>>> print(open('work-v5.csv').read())   # CSV, C-alpha atoms
chain,number,residue,atom,x,y,z
H,81,MET,CA,-18.6,-23.9,-45.7
H,82,THR,CA,-19.5,-24.6,-42.1
H,83,GLN,CA,-17.8,-27.9,-42.3
H,84,PHE,CA,-14.6,-26.3,-43.7
H,85,TRP,CA,-14.3,-23.8,-40.8
H,86,LYS,CA,-14.8,-26.7,-38.3
H,87,LEU,CA,-11.9,-28.6,-39.9
H,88,LEU,CA,-9.7,-25.5,-40.0
H,89,THR,CA,-10.4,-24.8,-36.3
H,90,LEU,CA,-9.6,-28.4,-35.3
H,91,ASP,CA,-6.3,-28.2,-37.3
H,92,PHE,CA,-5.3,-25.0,-35.5
H,93,ILE,CA,-6.1,-26.4,-32.0
H,94,ASN,CA,-4.2,-29.6,-32.6
H,95,ALA,CA,-1.1,-27.9,-34.2
H,96,PRO,CA,2.0,-27.2,-32.1
H,97,HIS,CA,2.5,-23.5,-31.4
H,98,ALA,CA,5.9,-21.8,-31.5
H,99,HIS,CA,5.1,-19.6,-28.6
H,100,GLU,CA,4.5,-22.5,-26.2
H,101,PRO,CA,7.4,-22.7,-23.6
H,102,ARG,CA,9.8,-25.6,-24.0
H,103,GLN,CA,9.2,-28.1,-21.2
H,104,LYS,CA,12.3,-28.6,-19.0
H,105,SER,CA,13.7,-32.1,-18.7
H,106,THR,CA,13.7,-33.8,-15.3
H,107,ASP,CA,17.5,-33.6,-15.3
H,108,GLU,CA,17.4,-29.8,-15.8
H,109,LEU,CA,14.8,-29.3,-13.0
H,110,GLU,CA,16.8,-31.5,-10.6
H,111,LYS,CA,20.0,-29.6,-11.4
H,112,ARG,CA,18.4,-26.2,-10.8
H,113,SER,CA,16.8,-27.3,-7.5
H,114,ASP,CA,19.7,-29.4,-6.2
H,115,PRO,CA,21.1,-27.6,-3.1
H,116,SER,CA,24.5,-28.9,-3.8
H,117,THR,CA,24.7,-26.8,-7.0
H,118,ALA,CA,23.9,-23.6,-5.1
H,119,GLY,CA,26.1,-21.7,-2.7
H,120,CYS,CA,29.7,-21.0,-3.7
H,121,SER,CA,29.4,-21.8,-7.3
H,122,GLU,CA,30.3,-18.9,-9.6
H,123,PRO,CA,28.1,-17.8,-12.5
H,124,GLN,CA,29.3,-19.4,-15.7
H,125,VAL,CA,29.4,-17.9,-19.1
H,126,ASN,CA,28.7,-19.4,-22.6
H,127,MET,CA,29.4,-16.7,-25.1
H,128,GLY,CA,30.5,-18.7,-28.1
H,129,GLU,CA,27.2,-18.5,-29.9
H,130,ASN,CA,26.4,-15.9,-32.5
H,131,ASN,CA,24.2,-12.9,-31.9
H,132,ASN,CA,21.2,-14.5,-33.5
H,133,SER,CA,21.2,-17.4,-31.0
H,134,PRO,CA,18.7,-17.7,-28.1
H,135,PHE,CA,21.5,-16.6,-25.7
H,136,VAL,CA,20.3,-13.7,-23.6
H,137,MET,CA,22.8,-12.9,-20.8
H,138,ASP,CA,25.6,-14.4,-18.7
H,139,VAL,CA,28.2,-13.5,-16.1
H,140,VAL,CA,31.9,-14.5,-15.8
H,141,GLU,CA,34.6,-13.7,-13.3
H,142,ILE,CA,37.2,-11.3,-14.9
H,143,GLU,CA,40.2,-13.6,-14.6
H,144,LYS,CA,38.3,-16.4,-16.3
H,145,PHE,CA,37.2,-14.0,-19.0
H,146,LEU,CA,40.8,-12.9,-19.6
H,147,SER,CA,42.3,-16.4,-19.5
H,148,ASN,CA,39.7,-17.8,-21.9
H,149,PRO,CA,38.3,-14.9,-23.9
H,150,PRO,CA,35.1,-15.4,-25.9
H,151,GLN,CA,34.9,-15.4,-29.7
H,152,GLY,CA,35.9,-12.0,-31.0
H,153,PHE,CA,38.2,-11.2,-28.1
H,154,SER,CA,42.0,-11.6,-27.7
H,155,VAL,CA,44.3,-10.8,-24.8
H,156,GLU,CA,47.9,-9.6,-25.3
H,157,HIS,CA,50.3,-9.7,-22.4
H,158,ARG,CA,52.5,-6.6,-22.3
H,159,ALA,CA,55.2,-5.7,-19.8
H,160,VAL,CA,53.1,-4.1,-17.1
H,161,TYR,CA,49.5,-4.6,-18.4
H,162,ARG,CA,47.2,-6.8,-20.4
H,163,LEU,CA,45.7,-5.4,-23.6
H,164,VAL,CA,42.2,-6.8,-24.5
H,165,LYS,CA,41.1,-6.4,-28.1
H,166,SER,CA,37.6,-7.0,-29.4
H,167,ASP,CA,35.8,-7.0,-32.7
H,168,PRO,CA,33.7,-3.8,-32.8
H,169,LYS,CA,31.5,-5.5,-35.5
H,170,GLN,CA,30.2,-8.0,-32.9
H,171,SER,CA,30.4,-6.3,-29.5
H,172,CYS,CA,29.9,-3.0,-27.6
H,173,VAL,CA,32.4,-3.0,-24.8
H,174,PHE,CA,31.8,-0.4,-22.0
H,175,ILE,CA,34.7,-1.2,-19.7
H,176,ASP,CA,37.1,1.4,-18.3
H,177,GLU,CA,40.8,0.7,-17.7
H,178,PHE,CA,41.2,-1.0,-14.3
H,179,GLN,CA,43.7,-2.5,-11.9
H,180,SER,CA,43.2,-6.2,-11.2
H,181,SER,CA,45.1,-8.5,-8.8
H,182,LYS,CA,47.4,-9.4,-11.7
H,183,GLY,CA,48.0,-5.9,-13.0
H,184,LYS,CA,46.5,-3.2,-15.2
H,185,VAL,CA,43.9,-4.3,-17.8
H,186,ILE,CA,43.0,-2.1,-20.8
H,187,PHE,CA,40.1,-2.8,-23.2
H,188,CYS,CA,41.4,-0.9,-26.2
H,189,GLN,CA,38.2,-0.9,-28.3
H,190,SER,CA,36.2,0.4,-25.3
H,191,PRO,CA,35.1,4.0,-24.9
H,192,GLY,CA,34.6,3.3,-21.2
H,193,ARG,CA,31.5,3.2,-19.1
H,194,LYS,CA,30.5,6.7,-20.2
H,195,ILE,CA,29.8,7.2,-23.9
H,196,THR,CA,29.5,10.7,-25.2
H,197,VAL,CA,27.5,11.5,-28.4
H,198,ARG,CA,27.3,15.0,-29.8
H,199,ASN,CA,24.6,14.9,-32.5
H,200,LEU,CA,21.7,12.9,-33.7
H,201,GLY,CA,23.8,10.9,-36.1
H,202,GLU,CA,26.2,9.7,-33.4
H,203,TYR,CA,23.2,8.9,-31.2
H,204,THR,CA,21.5,6.9,-33.9
H,205,ASN,CA,24.7,5.0,-34.6
H,206,LEU,CA,25.1,4.1,-30.9
H,207,ARG,CA,21.4,3.1,-30.7
H,208,ASN,CA,21.8,0.7,-33.6
H,209,GLN,CA,24.8,-0.9,-32.1
H,210,LEU,CA,23.1,-1.4,-28.7
H,211,LEU,CA,20.2,-3.1,-30.5
H,212,SER,CA,22.3,-5.4,-32.7
H,213,LYS,CA,25.4,-6.5,-30.7
H,214,ARG,CA,26.5,-8.0,-27.5
H,215,ILE,CA,27.1,-5.6,-24.7
H,216,TYR,CA,29.9,-6.1,-22.2
H,217,VAL,CA,29.9,-4.3,-18.8
H,218,LEU,CA,32.3,-4.7,-15.8
H,219,VAL,CA,30.5,-5.0,-12.5
H,220,SER,CA,31.7,-5.3,-8.9
H,221,ALA,CA,30.5,-7.9,-6.4
H,222,CYS,CA,30.6,-6.4,-2.9
H,223,ALA,CA,30.0,-8.0,0.4
H,224,THR,CA,26.7,-8.0,2.3
H,225,LYS,CA,28.8,-8.8,5.3
H,226,PRO,CA,27.8,-11.0,8.2
H,227,ALA,CA,29.2,-10.0,11.6
H,228,LYS,CA,32.1,-12.5,11.5
H,229,VAL,CA,33.3,-11.3,8.1
H,230,GLN,CA,32.8,-7.7,9.1
H,231,GLU,CA,35.3,-8.3,12.0
H,232,LYS,CA,37.9,-9.9,9.7
H,233,ARG,CA,37.8,-7.4,6.8
H,234,ARG,CA,38.2,-3.6,6.8
H,235,VAL,CA,35.1,-1.6,6.0
H,236,ASN,CA,36.9,0.1,3.1
H,237,ASP,CA,38.1,-3.2,1.6
H,238,PRO,CA,37.8,-3.4,-2.2
H,239,ALA,CA,35.1,-5.4,-4.0
H,240,LEU,CA,35.0,-9.2,-3.5
H,241,GLY,CA,35.5,-9.6,-7.2
H,242,LEU,CA,35.0,-8.2,-10.7
H,243,TYR,CA,32.7,-9.8,-13.2
H,244,VAL,CA,32.0,-9.2,-16.9
H,245,VAL,CA,28.3,-9.1,-17.7
H,246,VAL,CA,27.4,-9.9,-21.3
H,247,ILE,CA,24.0,-9.1,-22.8
H,248,ASN,CA,22.7,-10.0,-26.2
H,249,GLY,CA,21.4,-6.7,-27.4
H,250,CYS,CA,19.6,-8.2,-30.4
H,251,HIS,CA,17.6,-10.7,-28.4
H,252,PRO,CA,13.9,-9.8,-28.9
H,253,MET,CA,13.2,-9.1,-25.2
H,254,ILE,CA,16.4,-7.2,-24.6
H,255,ARG,CA,15.9,-5.3,-27.7
H,256,TRP,CA,12.4,-4.4,-26.7
H,257,GLU,CA,13.4,-3.2,-23.3
H,258,MET,CA,16.3,-1.2,-24.7
H,259,GLU,CA,14.2,0.5,-27.4
H,260,LYS,CA,11.5,1.3,-24.9
H,261,GLY,CA,14.0,2.8,-22.5
H,262,LEU,CA,15.8,4.8,-25.1
H,263,ASP,CA,12.5,6.1,-26.5
H,264,SER,CA,11.3,7.2,-23.1
H,265,THR,CA,14.5,9.0,-22.2
H,266,ILE,CA,15.5,10.7,-25.4
H,267,SER,CA,15.2,14.5,-25.3
H,268,SER,CA,12.1,16.0,-26.7
H,269,VAL,CA,13.7,19.4,-27.1
H,270,ALA,CA,16.2,19.8,-30.0
H,271,GLY,CA,19.6,20.7,-28.7
H,272,GLU,CA,19.1,19.7,-25.1
H,273,SER,CA,21.9,17.9,-23.4
H,274,TYR,CA,21.2,15.0,-21.1
H,275,THR,CA,22.6,11.8,-19.5
H,276,VAL,CA,21.0,8.4,-19.4
H,277,ASN,CA,22.0,5.5,-17.1
H,278,VAL,CA,21.2,2.1,-18.6
H,279,ASP,CA,21.0,-0.1,-15.4
H,280,ILE,CA,21.3,-3.9,-15.7
H,281,ARG,CA,21.1,-4.6,-11.9
H,282,ASP,CA,17.7,-6.3,-12.0
H,283,ALA,CA,18.7,-8.6,-14.9
H,284,LEU,CA,22.0,-9.4,-13.3
H,285,GLN,CA,20.3,-10.3,-10.0
H,286,ALA,CA,17.8,-12.5,-11.7
H,287,CYS,CA,20.5,-14.2,-13.8
H,288,VAL,CA,22.8,-15.2,-10.8
H,289,GLY,CA,19.8,-15.9,-8.5
H,290,GLU,CA,19.4,-15.5,-4.8
H,291,ASN,CA,21.5,-18.5,-3.7
H,292,LEU,CA,24.9,-17.3,-5.1
H,293,ARG,CA,27.6,-17.1,-2.4
H,294,ILE,CA,31.2,-16.1,-2.6
H,295,LEU,CA,33.7,-17.7,-0.2
H,296,ILE,CA,35.7,-15.1,1.7
H,297,ASP,CA,37.9,-15.9,4.7
H,298,GLY,CA,36.0,-19.1,5.2
H,299,GLU,CA,32.6,-17.4,5.1
H,300,LYS,CA,30.0,-17.7,2.5
H,301,VAL,CA,29.1,-14.1,1.6
H,302,LYS,CA,26.0,-13.0,-0.4
H,303,PRO,CA,27.2,-10.4,-2.9
H,304,SER,CA,25.6,-7.1,-3.6
H,305,TRP,CA,26.3,-5.7,-7.1
H,306,LYS,CA,27.7,-2.2,-7.9
H,307,ASP,CA,28.6,-0.4,-11.1
H,308,THR,CA,25.8,-2.2,-12.9
H,309,HIS,CA,25.3,0.5,-15.5
H,310,PHE,CA,26.7,2.3,-18.5
H,311,THR,CA,26.0,5.9,-19.3
H,312,ILE,CA,25.0,7.7,-22.5
H,313,ASN,CA,26.0,11.4,-22.3
H,314,TYR,CA,24.3,13.4,-25.1
H,315,HIS,CA,26.2,16.7,-25.1
H,316,SER,CA,25.0,19.4,-27.4
H,317,ASP,CA,26.6,22.7,-28.1
H,318,ALA,CA,23.6,24.7,-26.8
H,319,LEU,CA,24.8,28.0,-25.4
H,320,PHE,CA,22.3,28.1,-22.5
H,321,ASP,CA,21.7,24.6,-21.4
H,322,PHE,CA,20.7,25.3,-17.9
H,323,PRO,CA,18.9,22.0,-17.0
H,324,TYR,CA,22.1,20.1,-17.9
H,325,TRP,CA,24.4,22.5,-16.0
H,326,PHE,CA,22.3,22.1,-12.9
H,327,GLY,CA,22.1,18.3,-13.1
H,328,LEU,CA,18.4,18.3,-14.0
H,329,SER,CA,18.7,16.3,-17.2
H,330,LYS,CA,19.7,12.9,-15.6
H,331,ARG,CA,17.6,10.0,-16.7
H,332,GLU,CA,17.6,6.2,-16.2
H,333,PHE,CA,16.0,3.1,-17.4
H,334,LYS,CA,16.5,-0.6,-16.4
H,335,ILE,CA,17.1,-3.8,-18.2
H,336,SER,CA,15.4,-6.6,-16.2
H,337,TYR,CA,15.0,-9.6,-18.6
H,338,CYS,CA,17.6,-12.3,-18.3
H,339,GLY,CA,15.9,-15.3,-20.0
H,340,ARG,CA,15.3,-17.3,-16.8
>>> encode(input="work-v5.csv", output="C-alpha cells")
Amino acid sequence: MTQFWKLLTLDFINAPHAHEPRQKSTDELEKRSDPSTAGCSEPQVNMGENNNSPFVMDVVEIEKFLSNPPQGFSVEHRAVYRLVKSDPKQSCVFIDEFQSSKGKVIFCQSPGRKITVRNLGEYTNLRNQLLSKRIYVLVSACATKPAKVQEKRRVNDPALGLYVVVINGCHPMIRWEMEKGLDSTISSVAGESYTVNVDIRDALQACVGENLRILIDGEKVKPSWKDTHFTINYHSDALFDFPYWFGLSKREFKISYCGR
C-alpha cells in the first residue's frame, strides 16, 4: 500500500497541471516590450470569438467599430443617422444615442447607460444577462493635457475620441467579480430602491496600459477615461422610500480584471 501511494504521488507531481500559466513565446514578449509598438497605437479589438472563448476584454475606436462591426452587429445608414442593430441573445449593449463626427448614431437594442428594473424578476433577468453575454459600453478618452496642447485647444473641447469597451461577462474571472459586486450591493430590505454603478475604469486602464498615447495637434497625449460605467436603477413602488429620495441609496462596485 505504501508503494502504491508513492507511485500515485510521483504521477501527480510529474503530470501537467491545467492551472499553470501558459509560457509566452519570445516573439510575444518582444512585441509587448518593443518601444516601437507603444505610443500612438490605438487599442485593437478581436470580438469574433464566441462567448465561451478565453476572450476577456478589448477596446475599439467607435468609427472602426461602426465600419467593421463584430459578429452579431449590423450598421444601417439612414438619411441623417446610423442605426446599429445587435443580437440581444449574444450581447448587452449599454450605449446611449450620441453625436459622432459623422452624424448621429443610435443603438436600437440598447436601453442606454442607465438600466431600470422594477421588481425581482426583472433584476434576476438582467443579472443573468450580465453573467452570460458580452457587455458593450461607450467610453470617452479625454486629454491629460501637456502645456503645449493646453494652449492650442480650448478647455471645454470635447473628448479626444469615443471607444467601445467590450467585456466577456461569462469569463470566469469577470463573472466572479460581477457576481461578487452584485451580491454586495443588492438591497437587503424588501422594496427599497437603489442605484448601482458598475465601473470598468480599472479594467480599461489595465487593458490599454500606461503607454497609450493619442496624437492630437502633433502632440502625443495620454488619455484619461470618462463615462466608464453603466448604472442599474432598481426602482420599487415603495410609498416612503426616503433613502432613495435623498440620494442615500447609491452604490458602486468595480470590474478590474482584463486578462493581462
>>> residues_around(input="work-v5.csv", residues="stretch 161-177 of chain H", least_positions_apart="5", cutoff="10 Å", atoms="only C-alpha atoms", output="count of residues only")
44
>>> atom_distance(input="work-v5.csv", atom1="atom CA of H:Thr204", atom2="atom CA of H:Val276")
14.6 Å
>>> closest_residue(input="work-v5.csv", among="H:Val136, H:Ile312, H:Val301, H:Ile142", to="H:Tyr243", atoms="only C-alpha atoms")
H:Ile142
>>> atom_distance(input="work-v5.csv", atom1="atom CA of H:Val245", atom2="atom CA of H:Ala286")
12.6 Å
>>> residues_around(input="work-v5.csv", residues="stretch 258-268 of chain H", least_positions_apart="4", cutoff="8 Å", atoms="all atoms listed in the file", output="list in words")
Leu210, Leu211, Gly249, Ile254, Glu272, Ser273, Tyr274, Val276, Arg331, Glu332, Phe333, Lys334 and Ile335 of chain H
>>> atom_distance(input="work-v5.csv", atom1="atom CA of H:Arg281", atom2="atom CA of H:Leu242")
14.4 Å
>>> closest_residue(input="work-v5.csv", among="H:Pro303, H:Ile296, H:Thr275, H:Ala223", to="H:Ser329", atoms="all atoms listed in the file")
H:Thr275
>>> closest_residue(input="work-v5.csv", among="H:Met253, H:Leu284, H:Cys338, H:Ala221", to="H:Glu141", atoms="all atoms listed in the file")
H:Ala221
>>> closest_residue(input="work-v5.csv", among="H:Ser336, H:Val140, H:Ser316, H:Phe145", to="H:Trp256", atoms="all atoms listed in the file")
H:Ser336
